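Participant: I am sharing target_25.cif, which consists of mmCIF, C-alpha atoms:
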```
data_entry
#
loop_
_atom_site.label_atom_id
_atom_site.label_comp_id
_atom_site.auth_asym_id
_atom_site.auth_seq_id
_atom_site.Cartn_x
_atom_site.Cartn_y
_atom_site.Cartn_z
CA MET A 613 0.00 0.00 0.00
CA GLN A 614 1.42 3.37 -1.09
CA MET A 615 0.52 6.68 0.57
CA MET A 616 0.69 9.96 -1.31
CA LYS A 617 -0.18 13.58 -0.61
CA LEU A 618 -2.31 15.08 -3.35
CA GLY A 619 -3.29 18.70 -2.89
CA ASN A 620 -4.14 19.19 0.77
CA LEU A 621 -5.15 15.59 1.47
CA TRP A 622 -3.32 12.33 2.01
CA ILE A 623 -4.34 9.31 -0.05
CA GLU A 624 -3.87 6.25 2.12
CA ASP A 625 -3.83 3.73 -0.74
CA VAL A 626 -3.22 5.26 -4.19
CA ALA A 627 -4.60 2.15 -5.91
CA ASN A 628 -7.86 2.41 -3.93
CA PRO A 629 -8.62 6.05 -3.13
CA LYS A 630 -11.70 7.01 -1.14
CA PRO A 631 -14.08 9.91 -1.91
CA HIS A 632 -13.13 11.77 1.29
CA GLU A 633 -9.47 11.71 0.16
CA ILE A 634 -10.13 13.70 -3.03
CA ASP A 635 -9.16 17.38 -2.88
CA LEU A 636 -11.69 18.73 -5.38
CA ASP A 637 -10.09 22.19 -5.56
CA HIS A 638 -6.72 20.66 -6.39
CA MET A 639 -8.35 18.37 -8.94
CA LYS A 640 -10.12 21.28 -10.64
CA LEU A 641 -6.89 23.30 -10.81
CA ARG A 642 -4.96 20.43 -12.38
CA LEU A 643 -7.70 19.68 -14.92
CA GLU A 644 -7.88 23.34 -15.93
CA THR A 645 -4.11 23.67 -16.42
CA ASP A 646 -2.78 20.26 -17.53
CA ARG A 647 -2.78 19.77 -21.29
CA ARG A 648 -3.54 16.70 -23.33
CA PHE A 649 -1.36 14.85 -25.84
CA ALA A 650 1.52 14.47 -23.38
CA GLY A 651 1.33 18.12 -22.34
CA ASN A 652 1.38 19.58 -25.85
CA PRO A 653 1.13 23.37 -25.36
CA ARG A 654 -1.30 23.67 -28.32
CA ALA A 655 -3.63 20.96 -26.97
CA TYR A 656 -6.77 21.54 -24.95
CA THR A 657 -6.61 21.28 -21.21
CA ILE A 658 -8.16 18.15 -19.77
CA ALA A 659 -11.12 20.25 -18.54
CA ALA A 660 -11.66 21.76 -21.99
CA HIS A 661 -11.49 18.28 -23.53
CA GLN A 662 -14.14 16.99 -21.09
CA ASP A 663 -16.35 19.97 -21.98
CA LEU A 664 -15.97 19.15 -25.67
CA VAL A 665 -16.88 15.49 -25.09
CA ALA A 666 -19.98 16.58 -23.15
CA LYS A 667 -21.00 19.01 -25.92
CA LEU A 668 -20.64 16.29 -28.53
CA ALA A 669 -22.83 13.97 -26.43
CA MET A 670 -25.42 16.69 -25.86
CA ASN A 671 -25.50 17.55 -29.58
CA GLN A 672 -26.37 13.91 -30.27
CA GLY A 673 -29.22 13.88 -27.75
CA GLU A 674 -27.58 11.55 -25.25
CA SER A 675 -29.06 10.88 -21.82
CA GLN A 676 -28.26 13.01 -18.78
CA GLU A 677 -26.14 10.13 -17.42
CA VAL A 678 -23.97 10.06 -20.56
CA TYR A 679 -23.67 13.85 -20.56
CA GLU A 680 -22.72 13.93 -16.87
CA TRP A 681 -20.08 11.21 -17.22
CA ALA A 682 -18.69 12.94 -20.32
CA LEU A 683 -18.03 15.96 -18.09
CA HIS A 684 -16.02 13.80 -15.66
CA HIS A 685 -14.65 10.86 -17.64
CA ASP A 686 -11.01 11.99 -17.47
CA CYS A 687 -10.96 13.48 -13.98
CA HIS A 688 -8.58 10.69 -12.90
CA GLU A 689 -5.98 12.39 -15.12
CA PHE A 690 -5.44 14.98 -12.40
CA VAL A 691 -3.46 12.14 -10.78
CA THR A 692 -2.30 10.01 -13.70
CA GLY A 693 -1.85 12.72 -16.31
CA ASP A 694 -2.91 12.18 -19.90
CA ILE A 695 -1.11 8.94 -20.70
CA PRO A 696 -0.68 8.57 -24.49
CA GLN A 697 -2.67 5.58 -25.78
CA PRO A 698 0.33 3.59 -27.08
CA ILE A 699 1.97 3.78 -23.65
CA LYS A 700 -1.30 3.00 -21.87
CA ALA A 701 -1.72 -0.09 -24.07
CA MET A 702 1.76 -1.29 -23.09
CA MET A 703 0.97 -0.76 -19.39
CA GLY A 704 -1.90 -3.22 -19.59
CA GLU A 705 -4.97 -3.81 -17.46
CA ARG A 706 -3.46 -2.51 -14.22
CA VAL A 707 -3.54 1.11 -15.37
CA LEU A 708 -7.22 0.74 -16.35
CA MET A 709 -8.03 -0.73 -12.95
CA ILE A 710 -6.31 2.19 -11.22
CA GLU A 711 -8.15 4.71 -13.41
CA MET A 712 -11.46 3.05 -12.58
CA ALA A 713 -10.66 3.10 -8.84
CA TRP A 714 -9.95 6.83 -9.09
CA ASP A 715 -13.12 7.31 -11.17
CA ARG A 716 -15.18 5.68 -8.39
CA ALA A 717 -13.61 7.83 -5.67
CA ILE A 718 -13.96 11.02 -7.72
CA ALA A 719 -17.60 10.25 -8.58
CA GLY A 720 -18.27 9.79 -4.87
CA ALA A 721 -16.47 13.02 -3.99
CA LEU A 722 -18.43 14.92 -6.65
CA GLY A 723 -21.71 13.30 -5.68
CA VAL A 724 -22.32 11.94 -9.17
CA LYS A 725 -23.36 8.43 -10.11
CA TYR A 726 -20.56 6.06 -11.09
CA PRO A 727 -21.47 5.09 -14.64
CA ALA A 728 -22.57 1.74 -15.94
CA GLN A 729 -20.32 0.11 -18.53
CA SER A 730 -22.84 1.02 -21.24
CA THR A 731 -22.54 4.70 -20.29
CA ARG A 732 -18.75 4.50 -20.33
CA GLN A 733 -18.92 2.95 -23.81
CA ARG A 734 -21.19 5.75 -25.08
CA VAL A 735 -18.84 8.39 -23.68
CA LYS A 736 -15.89 6.62 -25.34
CA ILE A 737 -17.49 7.31 -28.74
CA TYR A 738 -17.53 11.05 -28.07
CA ASP A 739 -14.10 10.91 -26.46
CA LYS A 740 -12.68 9.51 -29.71
CA GLN A 741 -14.51 12.19 -31.72
CA ALA A 742 -13.11 14.88 -29.44
CA ALA A 743 -9.60 13.47 -29.80
CA SER A 744 -10.00 13.59 -33.58
CA ILE A 745 -11.22 17.19 -33.41
CA GLU A 746 -8.28 18.12 -31.22
CA TRP A 747 -5.75 16.31 -33.40
CA TYR A 748 -6.87 17.61 -36.77
CA PHE A 749 -8.37 21.01 -35.99
CA LYS A 750 -6.62 22.21 -32.82
CA LEU A 751 -3.15 20.72 -33.31
CA GLY A 752 -3.36 20.91 -37.11
CA GLU A 753 -1.89 17.46 -37.67
CA ASP A 754 -2.34 15.62 -40.97
CA THR A 755 -2.98 11.98 -40.09
CA HIS A 756 -3.20 9.68 -37.10
CA PRO A 757 -3.71 5.90 -37.16
CA ASP A 758 -6.27 5.99 -34.33
CA PHE A 759 -8.24 9.15 -35.20
CA GLU A 760 -10.61 9.50 -38.13
CA MET A 761 -11.05 12.85 -39.81
CA ILE A 762 -14.32 14.22 -38.50
CA ASP A 763 -16.93 16.25 -40.33
CA PRO A 764 -16.45 19.89 -39.25
CA ALA A 765 -20.26 20.20 -39.05
CA LEU A 766 -20.16 17.92 -35.98
CA VAL A 767 -17.83 20.29 -34.16
CA PRO A 768 -19.63 22.55 -31.67
CA GLU A 769 -19.49 26.26 -32.42
CA GLY A 770 -16.28 27.88 -31.24
CA TRP A 771 -14.26 24.67 -30.79
CA ILE A 772 -12.10 24.91 -33.90
#
```
What's the structure tokens form of this structure?
Facilitator:
Amino acid sequence: MQMMKLGNLWIEDVANPKPHEIDLDHMKLRLETDRRFAGNPRAYTIAAHQDLVAKLAMNQGESQEVYEWALHHDCHEFVTGDIPQPIKAMMGERVLMIEMAWDRAIAGALGVKYPAQSTRQRVKIYDKQAASIEWYFKLGEDTHPDFEMIDPALVPEGWI
């Protein structure tokens, strides 16, 4: 069991955090300042990315549960950072288990429902769309093996 101080609170077991151990102010600050794509200075912050995912879900008429989880689906990155997908794939299931443990604790701290797997899968669709928007329109990159070019009409006003 590993202890760690995060913000103003101590996490007794970093692999199994508890809602009362989450410093929401510290989390918010990190999400609003830490950038995606391994800290790329042109990338959205994690908070801006979550907002984009939620807007994409809302534009498609998703349920309140999907919209709410879209707003919080990457909150665990205030601890883990935005791990690039190829590295995350090499890390295996353990990193996903840790992210899910943090998701549960954060959901409890925020007072939101921890999502069902079906909700997580719906949010993943919009997460991929958002990543494509960020890659092609925000970062201005040409191609990516994991991101499809997205129709600019699907991009919410003001996001490109």
Participant: Just give me the gap between CA of Ile737 (chain A) and CA of Gln662 (chain A) in Å, one decimal is fine.
Facilitator: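 About the pair CA of Ile737 (chain A) and CA of Gln662 (chain A): they are 12.8 Å apart.
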Participant: Can you spell out as JSON, numbers by chain the set of residues that the PyMOL selection byres ((chain A and resi 734) around 12) selects in the structure I just provided?
Facilitator: {"A": [665, 666, 668, 669, 670, 672, 673, 674, 675, 676, 677, 678, 679, 680, 681, 682, 685, 727, 728, 729, 730, 731, 732, 733, 735, 736, 737, 738, 739, 740, 741]}
Participant: Return as a PyMOL selection string the set of residues that the PyMOL selection byres ((chain A and resi 746-758) around 8) yields on the displayed structure.
Facilitator: chain A and resi 654-656+742-745+759-761+772
Participant: Using only C-alpha atoms, which of the listed residues (A:Gly619, A:Gly704, A:Gly723, A:Gly693) sits closest to Ile658 (chain A)?
Facilitator: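 Using only C-alpha atoms, the shortest distance to Ile658 (chain A) belongs to A:Gly693.
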Participant: Just how far from CA of Leu618 (chain A) is CA of Leu643 (chain A), in Å to one decimal?
Facilitator: 13.6 Å
Participant: Please report the interatomic distance between CA of His632 (chain A) and CA of Glu644 (chain A) in Å with one decimal.
Facilitator: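 Pair CA of His632 (chain A) / CA of Glu644 (chain A) returns 21.4 Å.
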Participant: Using all atoms listed in the file, find the one residue out of A:Ala765, A:Met703, A:Ile634, A:Ile623 that sits nearest to His688 (chain A).
Facilitator: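 Selected residue with least distance to His688 (chain A): A:Ile634.
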Participant: What's around Thr657 (chain A) at 6 Å? Count all atoms listed in the file, leave out sequence neighbours fewer than 3 positions away in its own chain, and write the answer as a list in words.
Facilitator: Glu644, Thr645, Asp646, Arg647, Arg648 and Ala660 of chain A
Participant: Determine the residue membership of the PyMOL selection byres ((chain A and resi 625-628) around 8) for the file above and supply it as a VMD selection string.
Facilitator: chain A and resid 613 to 616 623 to 624 629 to 630 710 713 to 714
Participant: Pick from A:Val707, A:Val691, A:Ile699, A:Leu683: nearest to Val724 (chain A), with all atoms listed in the file counted?
Facilitator: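 Of A:Val707, A:Val691, A:Ile699, A:Leu683, the one nearest Val724 (chain A), counting all atoms listed in the file, is A:Leu683.
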Participant: What's the 7 Å shell around Ala650 (chain A), counting all atoms listed in the file, without same-chain residues fewer than 4 positions away, as a list of chain:residue names?
Facilitator: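 In the requested format, the answer is A:Asp694, A:Ile695, A:Pro696.
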